[in-house]
Amino acid sequence: MTGEGHGFFGYMLAGMQRTQLRFILLIVLVSIAGCSAGPKKRFFIDGEEMVWSEMDVAQRKHHMEQVVLPVAGSVFRSWRPGEYDEIGCTLCHGAGAASDDFRMPTAHLPRLSGELFLGREFRDYPETTGLKLDRLVPEMAAALGKDAFSLITRRGFGCYSCHLGPDGPMFGN
């Protein structure tokens, strides 16, 4: 392996030993395996065990009121005490909630930049972005029984599950 004519990566690989390449390959494979969808989280609704995708609208509303809203409220109150003492469907779904339009992502929430690793959001709102990535996204994913977003697979519940990107929905949301 000379790496000539193969740019930066060819040059980098040329200097690596076989053992190092195996180690990197192992790390990549373990990372991908760790991001595969596990069993879906099941919830008990009216004594029946089901996943989010099996729930009808009334069951989803009940689950949102009993599970999701309390979790979201806890996160938002820790961020800005006193400002989110009472929250409801409109916090995330906006005016559409009044007409049972709960589609996500929604234009009600601020659009995100679409920059890699939310660069602009971290520059402009570091505390808010950090809190939402560290707490809101994983806790909402768990409350909804969804896998957290993976940069490798570009699937799962993440920021763009609720927020639109600069040109609309991103990552299949």
# chains A, B, ... in the order shown; residues from 1 in each chain; ligands from 1
>>> select_by_dssp(residues="segment 21-168 of chain A", states="alpha helix (DSSP H)", output="VMD selection string")
chain A and resid 21 to 34 57 to 63 69 to 79 90 to 93 119 to 124 126 to 131 137 to 144
>>> residues_around(residues="segment 93-108 of chain A", least_positions_apart="5", cutoff="10 Å", atoms="only C-alpha atoms", output="NGL selection string")
:A and (57 or 61 or 88 or 159-165 or 168-170 or 173)
>>> write_last_selection(atoms="C-alpha atoms", output="mmCIF file, in the first residue's frame")
data_model
loop_
_atom_site.group_PDB
_atom_site.id
_atom_site.type_symbol
_atom_site.label_atom_id
_atom_site.label_comp_id
_atom_site.auth_asym_id
_atom_site.auth_seq_id
_atom_site.Cartn_x
_atom_site.Cartn_y
_atom_site.Cartn_z
ATOM 1 C CA VAL A 57 -55.309 8.604 17.653
ATOM 2 C CA LYS A 61 -53.306 11.356 22.761
ATOM 3 C CA GLY A 88 -49.844 21.382 26.587
ATOM 4 C CA CYS A 159 -33.901 17.166 16.445
ATOM 5 C CA TYR A 160 -35.350 16.894 12.944
ATOM 6 C CA SER A 161 -38.176 14.678 14.183
ATOM 7 C CA CYS A 162 -39.773 17.882 15.499
ATOM 8 C CA HIS A 163 -37.948 20.746 13.738
ATOM 9 C CA LEU A 164 -37.806 21.366 10.012
ATOM 10 C CA GLY A 165 -34.460 21.881 8.315
ATOM 11 C CA GLY A 168 -38.129 21.295 4.938
ATOM 12 C CA PRO A 169 -38.110 17.843 6.523
ATOM 13 C CA MET A 170 -34.769 16.056 6.871
ATOM 14 C CA ASN A 173 -39.059 12.782 8.795
#
>>> residues_around(residues="Phe157 of chain A", least_positions_apart="6", cutoff="6 Å", atoms="only C-alpha atoms", output="list in words")
Ala141, Ala148 and Phe149 of chain A
>>> write_last_selection(atoms="C-alpha atoms", output="PDB file, in the first residue's frame")
ATOM      1  CA  ALA A 141     -37.232   9.158  22.215  1.00  0.00           C
ATOM      2  CA  ALA A 148     -32.398   7.827  19.335  1.00  0.00           C
ATOM      3  CA  PHE A 149     -31.083   9.378  16.120  1.00  0.00           C
TER       4      PHE A 149
END
